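The file model-v5.txt comes next; it holds compact mmCIF, C-alpha atoms and all ligand atoms.
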```txt
# COMPACT_ATOMS: atom_id res chain seq x y z
CA MET B 253 -11.89 -7.11 -31.09
CA LYS B 254 -10.63 -5.33 -28.08
CA LYS B 255 -13.32 -3.76 -25.95
CA ILE B 256 -13.06 -0.05 -25.93
CA ILE B 257 -12.50 1.31 -22.44
CA ALA B 258 -14.17 4.63 -21.98
CA ALA B 259 -11.36 7.00 -21.36
CA VAL B 260 -12.00 10.55 -20.44
CA THR B 261 -9.04 12.58 -21.50
CA SER B 262 -8.89 16.04 -20.04
CA LEU B 263 -7.24 18.39 -22.46
CA VAL B 264 -4.44 20.04 -20.47
CA MET B 265 -3.49 23.25 -22.25
CA LEU B 266 0.26 23.69 -21.76
CA CYS B 267 1.89 26.56 -23.59
CA GLY B 268 4.91 25.16 -25.41
CA MET B 269 8.03 26.45 -23.57
CA THR B 270 9.98 26.47 -26.81
CA SER B 271 7.26 27.85 -29.11
CA CYS B 272 7.69 31.14 -30.98
CA SER B 273 5.72 34.18 -29.81
CA SER B 274 3.15 34.02 -32.65
CA LYS B 275 2.05 30.53 -31.57
CA ASP B 276 1.92 31.52 -27.86
CA GLU B 277 -0.24 34.51 -28.75
CA LYS B 278 -2.42 32.20 -30.87
CA ASP B 279 -2.72 29.65 -28.00
CA GLU B 280 -3.74 32.39 -25.57
CA LYS B 281 -6.13 33.86 -28.14
CA ASN B 282 -8.03 30.70 -29.12
CA GLY B 283 -6.67 28.25 -26.53
CA LYS B 284 -6.06 25.59 -29.16
CA LYS B 285 -3.00 23.46 -29.75
CA VAL B 286 -2.01 23.17 -33.42
CA VAL B 287 -1.61 19.86 -35.29
CA GLY B 288 0.09 19.66 -38.71
CA LEU B 289 -1.25 16.87 -40.97
CA CYS B 290 1.01 16.25 -43.98
CA MET B 291 -0.30 13.86 -46.62
CA PRO B 292 1.58 12.85 -49.81
CA SER B 293 -0.97 13.74 -52.48
CA VAL B 294 -4.62 14.09 -53.40
CA ASP B 295 -3.88 11.97 -56.51
CA LEU B 296 -3.91 8.63 -54.64
CA GLU B 297 -7.43 7.98 -53.44
CA ARG B 298 -6.69 6.79 -49.92
CA TRP B 299 -4.81 9.90 -48.76
CA ASN B 300 -7.91 12.05 -49.23
CA THR B 301 -9.78 9.75 -46.83
CA ASP B 302 -6.90 9.70 -44.33
CA GLY B 303 -6.52 13.47 -44.40
CA GLU B 304 -10.19 14.35 -44.02
CA TYR B 305 -10.81 11.73 -41.34
CA LEU B 306 -7.76 12.76 -39.30
CA LYS B 307 -8.74 16.43 -39.61
CA ASN B 308 -12.22 15.68 -38.27
CA LEU B 309 -10.87 13.66 -35.34
CA PHE B 310 -8.48 16.41 -34.22
CA GLU B 311 -10.92 19.28 -34.76
CA LYS B 312 -13.69 17.49 -32.84
CA ALA B 313 -11.21 17.10 -29.98
CA GLY B 314 -10.58 20.86 -29.94
CA TYR B 315 -7.31 21.11 -31.87
CA GLU B 316 -6.54 23.55 -34.67
CA VAL B 317 -5.53 21.56 -37.79
CA LYS B 318 -3.28 22.49 -40.70
CA LEU B 319 -3.82 19.83 -43.44
CA VAL B 320 -1.49 19.88 -46.46
CA PHE B 321 -1.19 17.62 -49.52
CA SER B 322 2.20 17.80 -51.27
CA GLN B 323 1.32 16.36 -54.69
CA ASN B 324 3.83 13.48 -54.42
CA ASP B 325 6.65 16.05 -54.55
CA ALA B 326 9.29 15.51 -51.84
CA THR B 327 10.73 19.05 -52.11
CA ARG B 328 7.25 20.53 -51.82
CA GLN B 329 6.56 18.40 -48.72
CA ASN B 330 9.80 19.65 -47.13
CA ASN B 331 8.69 23.25 -47.72
CA ASP B 332 5.15 22.55 -46.51
CA ILE B 333 6.49 21.13 -43.22
CA LEU B 334 8.98 23.99 -42.75
CA SER B 335 6.24 26.59 -43.21
CA ILE B 336 3.96 24.81 -40.71
CA LEU B 337 6.87 24.76 -38.23
CA ASN B 338 7.52 28.45 -38.87
CA ASP B 339 3.88 29.37 -38.21
CA GLY B 340 3.93 27.36 -34.97
CA VAL B 341 2.75 23.79 -34.39
CA ASP B 342 2.52 21.42 -31.42
CA LEU B 343 2.62 18.06 -33.23
CA LEU B 344 3.35 16.87 -36.77
CA LEU B 345 1.70 13.77 -38.28
CA ILE B 346 3.39 12.98 -41.59
CA ALA B 347 2.78 10.43 -44.38
CA ALA B 348 6.06 10.94 -46.25
CA VAL B 349 6.28 11.34 -50.04
CA ASP B 350 9.90 10.23 -49.76
CA GLY B 351 10.91 8.85 -46.38
CA ASN B 352 14.57 9.62 -47.10
CA ALA B 353 14.05 13.30 -47.85
CA LEU B 354 12.70 14.88 -44.65
CA ALA B 355 15.78 15.15 -42.41
CA LYS B 356 15.98 19.00 -42.52
CA PRO B 357 12.43 19.85 -41.39
CA LEU B 358 12.42 17.04 -38.86
CA ASP B 359 15.73 18.13 -37.29
CA ASP B 360 14.06 21.54 -37.00
CA ALA B 361 11.03 19.97 -35.30
CA MET B 362 13.25 18.03 -32.91
CA SER B 363 15.22 21.16 -31.97
CA LYS B 364 11.89 22.77 -31.03
CA GLY B 365 10.78 19.72 -29.04
CA ILE B 366 7.83 19.07 -31.37
CA PRO B 367 6.70 15.40 -31.49
CA VAL B 368 6.52 13.83 -34.95
CA VAL B 369 4.33 10.81 -35.71
CA ALA B 370 5.26 8.95 -38.93
CA TYR B 371 1.92 7.97 -40.46
CA ASP B 372 1.68 4.87 -42.66
CA ARG B 373 5.18 5.31 -44.14
CA LEU B 374 8.34 5.24 -42.03
CA ILE B 375 10.59 8.32 -42.14
CA MET B 376 14.25 7.44 -42.33
CA ASN B 377 17.56 8.55 -40.83
CA THR B 378 16.21 10.90 -38.16
CA LYS B 379 15.76 10.59 -34.40
CA ALA B 380 12.86 13.07 -34.61
CA ILE B 381 10.29 10.31 -35.12
CA THR B 382 8.54 9.66 -31.82
CA TYR B 383 6.10 6.98 -33.08
CA TYR B 384 5.14 5.11 -36.26
CA VAL B 385 1.54 4.12 -37.00
CA SER B 386 0.88 1.89 -39.99
CA PHE B 387 -0.40 -1.47 -41.10
CA ASP B 388 1.81 -4.54 -40.95
CA ASN B 389 3.38 -3.83 -44.34
CA PHE B 390 5.29 -7.12 -44.57
CA GLU B 391 1.99 -8.94 -43.99
CA VAL B 392 0.41 -6.90 -46.83
CA GLY B 393 2.98 -8.39 -49.21
CA ARG B 394 2.57 -11.86 -47.74
CA LEU B 395 -1.20 -11.67 -48.32
CA GLN B 396 -0.63 -10.70 -51.97
CA GLY B 397 1.95 -13.46 -52.51
CA GLY B 398 -0.20 -15.97 -50.65
CA TYR B 399 -3.20 -15.13 -52.82
CA ILE B 400 -1.20 -15.95 -55.98
CA ARG B 401 0.19 -19.13 -54.40
CA ASP B 402 -3.35 -20.35 -53.64
CA ALA B 403 -5.00 -19.12 -56.87
CA LEU B 404 -2.43 -21.05 -58.96
CA ASP B 405 -2.32 -23.91 -56.43
CA LEU B 406 1.49 -23.77 -56.59
CA ASP B 407 1.94 -26.46 -53.94
CA ASN B 408 0.08 -29.09 -56.00
CA ALA B 409 -0.12 -28.00 -59.68
CA PRO B 410 2.16 -30.10 -61.95
CA ASP B 411 2.90 -27.26 -64.39
CA SER B 412 4.99 -24.12 -64.08
CA TYR B 413 3.45 -20.64 -64.31
CA SER B 414 4.66 -17.20 -65.40
CA ILE B 415 4.58 -14.15 -63.11
CA GLU B 416 5.65 -10.50 -63.25
CA PHE B 417 6.16 -8.06 -60.36
CA VAL B 418 4.99 -4.42 -60.32
CA SER B 419 6.16 -2.59 -57.18
CA GLY B 420 5.68 0.84 -55.62
CA ASP B 421 7.72 4.04 -55.58
CA SER B 422 11.34 3.50 -54.54
CA GLY B 423 11.17 6.52 -52.17
CA ASP B 424 8.30 4.92 -50.24
CA ASN B 425 9.76 2.79 -47.45
CA ASN B 426 6.57 0.70 -47.45
CA ALA B 427 7.02 -0.33 -51.08
CA SER B 428 10.15 -2.41 -50.51
CA ILE B 429 8.54 -4.03 -47.45
CA PHE B 430 5.44 -5.00 -49.48
CA PHE B 431 7.79 -6.51 -52.06
CA ASP B 432 9.79 -8.40 -49.42
CA GLY B 433 6.60 -9.83 -47.93
CA ALA B 434 5.39 -11.07 -51.32
CA LYS B 435 8.79 -12.60 -52.15
CA ASP B 436 8.88 -14.23 -48.70
CA VAL B 437 5.98 -16.36 -49.95
CA LEU B 438 6.88 -16.70 -53.64
CA ASP B 439 10.68 -17.03 -53.71
CA GLN B 440 10.57 -20.79 -53.06
CA TYR B 441 8.46 -21.28 -56.20
CA ILE B 442 10.75 -19.07 -58.30
CA LYS B 443 13.76 -21.04 -57.05
CA SER B 444 12.08 -24.39 -57.84
CA GLY B 445 11.04 -23.23 -61.32
CA LYS B 446 7.31 -23.56 -60.54
CA LEU B 447 7.10 -19.79 -61.10
CA LYS B 448 8.98 -18.24 -64.03
CA VAL B 449 9.65 -14.48 -64.36
CA LEU B 450 10.07 -14.23 -68.16
CA SER B 451 11.21 -10.58 -68.00
CA GLY B 452 13.91 -11.57 -65.51
CA LYS B 453 12.93 -8.62 -63.29
CA THR B 454 12.99 -10.12 -59.79
CA THR B 455 14.29 -7.28 -57.61
CA PHE B 456 12.45 -4.34 -56.03
CA GLU B 457 14.62 -1.82 -57.89
CA GLU B 458 13.85 -3.46 -61.28
CA THR B 459 10.10 -3.44 -60.62
CA ALA B 460 9.56 -0.08 -58.77
CA ILE B 461 6.99 2.27 -60.34
CA LYS B 462 7.64 6.02 -59.96
CA ARG B 463 5.12 7.70 -57.66
CA TRP B 464 2.91 4.60 -57.86
CA GLU B 465 1.46 6.17 -61.03
CA THR B 466 -1.04 4.20 -63.12
CA GLU B 467 0.41 5.49 -66.39
CA ASN B 468 3.94 4.44 -65.44
CA ALA B 469 2.71 0.94 -64.51
CA GLU B 470 0.80 0.68 -67.79
CA ASN B 471 3.82 1.71 -69.87
CA GLU B 472 6.14 -0.74 -68.09
CA MET B 473 3.67 -3.62 -68.47
CA LYS B 474 3.12 -2.81 -72.17
CA LYS B 475 6.89 -3.08 -72.72
CA THR B 476 7.06 -6.38 -70.82
CA LEU B 477 4.10 -7.88 -72.71
CA SER B 478 5.42 -6.94 -76.15
CA LYS B 479 8.91 -8.23 -75.34
CA TYR B 480 8.16 -11.49 -73.52
CA TYR B 481 4.49 -12.48 -73.90
CA THR B 482 3.63 -12.21 -77.59
CA ASP B 483 3.44 -16.00 -77.76
CA LYS B 484 3.61 -16.94 -74.06
CA GLN B 485 0.89 -17.05 -71.40
CA LEU B 486 1.06 -14.62 -68.48
CA ASP B 487 -0.45 -16.29 -65.42
CA ALA B 488 -0.03 -13.70 -62.64
CA VAL B 489 1.04 -10.13 -61.93
CA LEU B 490 1.88 -9.18 -58.37
CA CYS B 491 0.87 -5.50 -58.22
CA ALA B 492 1.77 -3.76 -54.95
CA ASN B 493 -1.30 -1.48 -54.95
CA ASP B 494 -4.49 -0.59 -56.82
CA SER B 495 -3.17 2.40 -58.81
CA THR B 496 -0.44 0.23 -60.37
CA ALA B 497 -2.90 -2.67 -60.84
CA LEU B 498 -5.11 -0.33 -62.88
CA GLY B 499 -2.20 0.35 -65.23
CA VAL B 500 -1.44 -3.35 -65.58
CA ILE B 501 -5.10 -4.12 -66.34
CA GLN B 502 -5.16 -1.40 -69.00
CA ALA B 503 -1.96 -2.79 -70.59
CA ILE B 504 -3.40 -6.33 -70.61
CA GLU B 505 -6.69 -5.12 -72.10
CA SER B 506 -4.88 -3.35 -74.95
CA GLY B 507 -1.89 -5.59 -75.63
CA TYR B 508 -2.14 -9.13 -74.21
CA LYS B 509 -3.24 -11.87 -76.61
CA GLY B 510 -2.95 -14.83 -74.24
CA GLY B 511 -6.68 -15.29 -73.89
CA ASN B 512 -6.50 -16.13 -70.16
CA GLN B 513 -7.22 -13.76 -67.25
CA PRO B 514 -3.98 -13.41 -65.25
CA VAL B 515 -4.25 -13.34 -61.44
CA ILE B 516 -3.75 -9.68 -60.47
CA THR B 517 -3.28 -8.39 -56.91
CA GLY B 518 -3.70 -4.87 -55.49
CA GLN B 519 -3.92 -2.82 -52.28
CA ASP B 520 -6.08 0.03 -50.90
CA GLY B 521 -9.57 -0.91 -52.12
CA ASP B 522 -9.78 2.01 -54.56
CA ILE B 523 -13.29 2.37 -56.04
CA GLU B 524 -12.17 1.83 -59.66
CA ASN B 525 -10.36 -1.35 -58.67
CA LEU B 526 -13.33 -2.71 -56.74
CA LYS B 527 -15.24 -2.45 -60.02
CA LYS B 528 -12.43 -4.42 -61.73
CA ILE B 529 -12.66 -7.05 -58.98
CA ILE B 530 -16.44 -7.38 -59.47
CA ASP B 531 -15.93 -7.58 -63.26
CA GLY B 532 -13.20 -10.24 -62.85
CA GLU B 533 -10.28 -8.17 -64.23
CA GLN B 534 -8.53 -7.90 -60.84
CA SER B 535 -8.42 -10.84 -58.44
CA MET B 536 -8.03 -9.19 -55.04
CA THR B 537 -7.00 -6.12 -53.12
CA VAL B 538 -5.54 -5.75 -49.63
CA PHE B 539 -7.85 -3.53 -47.63
CA LYS B 540 -6.48 -1.31 -44.89
CA ASN B 541 -9.21 0.49 -43.00
CA VAL B 542 -7.78 4.00 -42.93
CA ARG B 543 -10.35 5.03 -40.31
CA ASP B 544 -8.75 2.51 -37.94
CA GLU B 545 -5.24 3.66 -38.85
CA ALA B 546 -6.25 7.29 -38.38
CA SER B 547 -7.95 6.59 -35.04
CA VAL B 548 -4.84 4.86 -33.65
CA ALA B 549 -2.65 7.75 -34.88
CA PHE B 550 -5.07 10.18 -33.22
CA GLU B 551 -4.96 8.35 -29.88
CA VAL B 552 -1.14 8.28 -29.93
CA SER B 553 -0.98 11.97 -30.91
CA LYS B 554 -3.51 13.05 -28.26
CA ARG B 555 -1.38 11.53 -25.53
CA LEU B 556 1.79 13.13 -26.89
CA LEU B 557 0.01 16.51 -26.97
CA ASN B 558 -0.89 15.95 -23.32
CA GLY B 559 2.77 15.36 -22.51
CA GLU B 560 2.25 11.62 -22.00
CA THR B 561 4.38 8.77 -23.38
CA PRO B 562 2.22 6.11 -25.12
CA THR B 563 3.36 2.48 -24.63
CA GLY B 564 2.04 -0.96 -25.53
CA ARG B 565 -0.71 -0.54 -22.92
CA LEU B 566 -2.43 1.95 -25.24
CA ILE B 567 -3.67 -0.91 -27.45
CA ASP B 568 -5.83 -2.24 -24.59
CA SER B 569 -7.97 0.89 -24.87
CA LEU B 570 -8.38 0.76 -28.67
CA ALA B 571 -11.31 -0.81 -30.52
CA VAL B 572 -9.15 -2.19 -33.36
CA ASP B 573 -6.70 -5.05 -33.77
CA VAL B 574 -3.24 -3.46 -33.50
CA ARG B 575 0.16 -4.75 -32.50
CA TYR B 576 2.69 -2.68 -30.50
CA ASP B 577 6.17 -3.30 -31.91
CA THR B 578 9.59 -1.94 -30.94
CA GLU B 579 11.81 -4.22 -33.04
CA SER B 580 10.61 -4.28 -36.67
CA TYR B 581 11.13 -0.69 -37.80
CA GLN B 582 14.71 0.55 -37.49
CA ASN B 583 14.78 3.81 -39.48
CA GLY B 584 18.55 4.17 -39.79
CA ALA B 585 18.76 6.29 -36.64
CA LYS B 586 16.68 4.38 -34.07
CA TYR B 587 14.18 1.59 -33.50
CA VAL B 588 10.85 3.40 -33.78
CA GLN B 589 7.98 2.47 -31.44
CA SER B 590 5.29 1.26 -33.83
CA TYR B 591 1.57 0.50 -33.76
CA LEU B 592 0.81 -1.92 -36.61
CA LEU B 593 -2.75 -2.67 -37.70
CA VAL B 594 -3.98 -5.81 -39.48
CA PRO B 595 -4.67 -5.78 -43.27
CA ALA B 596 -7.39 -7.90 -44.93
CA VAL B 597 -7.76 -9.72 -48.27
CA ILE B 598 -10.80 -8.55 -50.26
CA THR B 599 -12.16 -10.49 -53.25
CA LYS B 600 -15.49 -10.43 -55.09
CA ASP B 601 -16.77 -12.85 -52.41
CA ASN B 602 -16.35 -10.63 -49.33
CA LEU B 603 -16.86 -7.04 -50.49
CA GLN B 604 -19.49 -6.69 -47.76
CA VAL B 605 -16.57 -6.48 -45.30
CA MET B 606 -15.76 -3.07 -46.78
CA VAL B 607 -19.39 -1.90 -46.72
CA ASN B 608 -19.58 -2.90 -43.06
CA THR B 609 -16.84 -0.37 -42.25
CA GLY B 610 -19.22 2.46 -43.14
CA LEU B 611 -16.67 3.87 -45.61
CA TYR B 612 -18.37 2.22 -48.63
CA GLN B 613 -21.88 1.38 -49.85
CA TRP B 614 -23.47 -0.66 -52.68
CA ASP B 615 -24.61 1.45 -55.64
CA ALA B 616 -28.26 1.89 -56.57
CA ASN B 617 -28.21 -1.32 -58.65
CA ASN B 618 -26.52 -3.24 -55.83
CA LYS B 619 -23.79 -4.19 -58.35
CA TYR B 620 -20.80 -1.96 -57.68
CA ILE B 621 -19.32 -0.34 -54.56
CA GLU B 622 -19.06 3.42 -54.09
CA ASN B 623 -17.81 5.69 -51.33
CA ALA B 624 -20.40 6.04 -48.60
CA ALA B 625 -22.26 9.34 -48.61
CA LYS B 626 -20.60 11.65 -46.07
C1 LIG Q 1 1.82 3.05 -49.55
C2 LIG Q 1 0.63 2.86 -48.65
C3 LIG Q 1 -0.41 2.12 -49.42
C4 LIG Q 1 -0.74 2.86 -50.69
C5 LIG Q 1 0.49 3.20 -51.46
C6 LIG Q 1 0.13 4.12 -52.61
O1 LIG Q 1 2.81 3.65 -48.82
O2 LIG Q 1 0.97 2.13 -47.49
O3 LIG Q 1 -1.59 2.01 -48.62
O4 LIG Q 1 -1.37 4.06 -50.33
O5 LIG Q 1 1.42 3.85 -50.64
O6 LIG Q 1 -1.04 3.69 -53.22
```

Take the structure in the file and write it out as structure tokens.
Ligand code: GAL
Amino acid sequence: MKKIIAAVTSLVMLCGMTSCSSKDEKDEKNGKKVVGLCMPSVDLERWNTDGEYLKNLFEKAGYEVKLVFSQNDATRQNNDILSILNDGVDLLLIAAVDGNALAKPLDDAMSKGIPVVAYDRLIMNTKAITYYVSFDNFEVGRLQGGYIRDALDLDNAPDSYSIEFVSGDSGDNNASIFFDGAKDVLDQYIKSGKLKVLSGKTTFEETAIKRWETENAENEMKKTLSKYYTDKQLDAVLCANDSTALGVIQAIESGYKGGNQPVITGQDGDIENLKKIIDGEQSMTVFKNVRDEASVAFEVSKRLLNGETPTGRLIDSLAVDVRYDTESYQNGAKYVQSYLLVPAVITKDNLQVMVNTGLYQWDANNKYIENAAK
């Protein structure tokens, strides 16, 4: 863990030279710079935590915050960002619903000289992105694929096993990277025949689940089970995140007659899925401490708001493991300077890791995990 170096950051209040009169008047009136926080939806558990935690960090530092959730609707997110720009803003921090659908508002932001930080999900085909803060998304997929490799002992087991893939939303740039990371581990076993995909669905496009929705994942898995697994055993399902894993678990509960418990992966550490992990219906999740991700995004944003240009040296002053990267994320318009945090595998054996973050606590019976009291 990197030692945190006490840094005293004086907040230099510079009136934006290009801002509209209403924002200048507002700055003079309350002396606060404005930060726009744009999250995809309240429907996926993690974004509520990201949004609230980011809002608290910026407000405690003296910024005015406009926090919007766009209900997984790309058009709505475009309009939300345009209205924040119209009201006047000094920095945008955006977790995109659809990374390919934000060019218009971001060209607007760039023309006004407003810095834009892509949060968690890369935003494509625009030079407006100043920085990208996320977890190492390829590693997330590798951890999921590696868990299945080890749980089935693919390197030593004499038999072959069956597997299905359930991926994320095709508009989410992360989703294809998660998939690529998992296949980076598992492709060799598919090629050798040690792993068999009975449905034949082996590409991201064939396995993407719209808006990551549980119901969509459940319906797809029900169709796969009834078509290919009525008299065959299903050994593993690589689910890209917890909301899709929940749908797969529900489909298996209602329609799988194989008698075995397939290995099922996830991501995010959603409360419902932690229960499934404790009850043995889900094998693992990939935990990404959103407080760490939010704190790195805050530190990058604070420096941009002060007119500074964060570089790799910033990570020396952060209390979390994070890698500075300028070569992995090319968004179709530029290589984006990225800060990538480290994800962790959580199983029923190390749930205490999550409690130790302060975000979670054991319930009254010390059996299940719940969100920590705020
Ligand atoms: C991804 C994000 C994951 C998860 C998923 C939806 O973009 O990186 O942490 O939130 O969306 O569940």

Using atom CA of B:Ala326 and atom CA of B:Gly351 as the two end points, give the distance in Å to one decimal.
8.8 Å

Can you work out which residues are within 10 Å of ligand LIG 1 (chain Q), considering all atoms listed in the file, and then hand them over as a VMD selection string?
chain B and resid 292 to 293 295 to 299 302 347 to 351 371 to 374 386 to 389 392 419 to 421 423 to 430 463 to 466 492 to 496 518 to 522 538 to 542 595

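For the pair atom CA of B:Asp432 and atom CA of B:Gly397, the separation is 9.8 Å.
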
Do you know which residues are at most 8 Å from B:Val449 counting only C-alpha atoms, after dropping those on the same chain fewer than 2 positions away, and could you put them as a list in words?
Ser414, Ile415, Glu416, Ile442, Leu447, Ser451, Gly452, Lys453 and Thr454 of chain B

Can you work out the spacing between atom CA of B:Leu319 and atom CA of B:Ser363 in Å, to one decimal?
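Between atom CA of B:Leu319 and atom CA of B:Ser363 the gap works out to 22.3 Å.
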
(4.9, -21.8, -61.4) in this file's frame - what residues fall within 7 Å of it? Use all atoms listed in the file and give the answer as a PDB file with C-alpha atoms, in the coordinates of the input.
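Printed below is part.pdb as written:
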```pdb
ATOM      1  CA  LEU B 406       1.490 -23.770 -56.590  1.00  0.00           C
ATOM      2  CA  ASP B 411       2.900 -27.260 -64.390  1.00  0.00           C
ATOM      3  CA  SER B 412       4.990 -24.120 -64.080  1.00  0.00           C
ATOM      4  CA  TYR B 413       3.450 -20.640 -64.310  1.00  0.00           C
ATOM      5  CA  SER B 414       4.660 -17.200 -65.400  1.00  0.00           C
ATOM      6  CA  TYR B 441       8.460 -21.280 -56.200  1.00  0.00           C
ATOM      7  CA  GLY B 445      11.040 -23.230 -61.320  1.00  0.00           C
ATOM      8  CA  LYS B 446       7.310 -23.560 -60.540  1.00  0.00           C
ATOM      9  CA  LEU B 447       7.100 -19.790 -61.100  1.00  0.00           C
ATOM     10  CA  LYS B 448       8.980 -18.240 -64.030  1.00  0.00           C
TER      11      LYS B 448
END
```

In terms of the shortest atom-to-atom distance over all atoms listed in the file, which of B:Val489, B:Ala546, B:Ile530, B:Ala616 is closest to B:Val572?
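The shortest atom-to-atom distance to B:Val572 comes from B:Ala546.
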
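Remark: for B:Asp405, the closest of the candidate residues B:Asp487, B:Glu560, B:Asp601, B:Glu304 is B:Asp487 (distances computed over all atoms listed in the file).
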
Show which residues sit within 6 Å of B:Ala488, as a list in words. Count all atoms listed in the file, and ignore same-chain residues fewer than 3 positions away.
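After dropping sequence-adjacent residues, the list is Ile415, Pro514, Val515 and Ile516 of chain B.
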
Given the choices B:Val605, B:Arg555, B:Gly564, B:Gly499, which gets closest to B:Glu533 if the distance is worked out from all atoms listed in the file?
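So, comparing all the options, the nearest one is B:Gly499.
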
Could you list, as a PyMOL selection string, every residue within 10 Å of B:Ala313, counting only C-alpha atoms and ignoring same-chain residues fewer than 2 positions away?
chain B and resi 261+263+284+307-311+315-316+550+554

As a VMD selection string, please: the residues near B:Lys527 (cut-off 12 Å, only C-alpha atoms, same-chain neighbours under 5 positions excluded).
chain B and resid 494 498 521 to 522 532 to 537 599 to 600 603 614 to 615 619 to 622

Contacts of stretch 579-587 of chain B at 8 Å or less, counting only C-alpha atoms, minus same-chain residues fewer than 4 places along, as a PDB file with C-alpha atoms, in the coordinates of the input?
```pdb
ATOM      1  CA  LEU B 374       8.340   5.240 -42.030  1.00  0.00           C
ATOM      2  CA  ILE B 375      10.590   8.320 -42.140  1.00  0.00           C
ATOM      3  CA  MET B 376      14.250   7.440 -42.330  1.00  0.00           C
ATOM      4  CA  ASN B 377      17.560   8.550 -40.830  1.00  0.00           C
ATOM      5  CA  THR B 378      16.210  10.900 -38.160  1.00  0.00           C
ATOM      6  CA  LYS B 379      15.760  10.590 -34.400  1.00  0.00           C
TER       7      LYS B 379
END
```
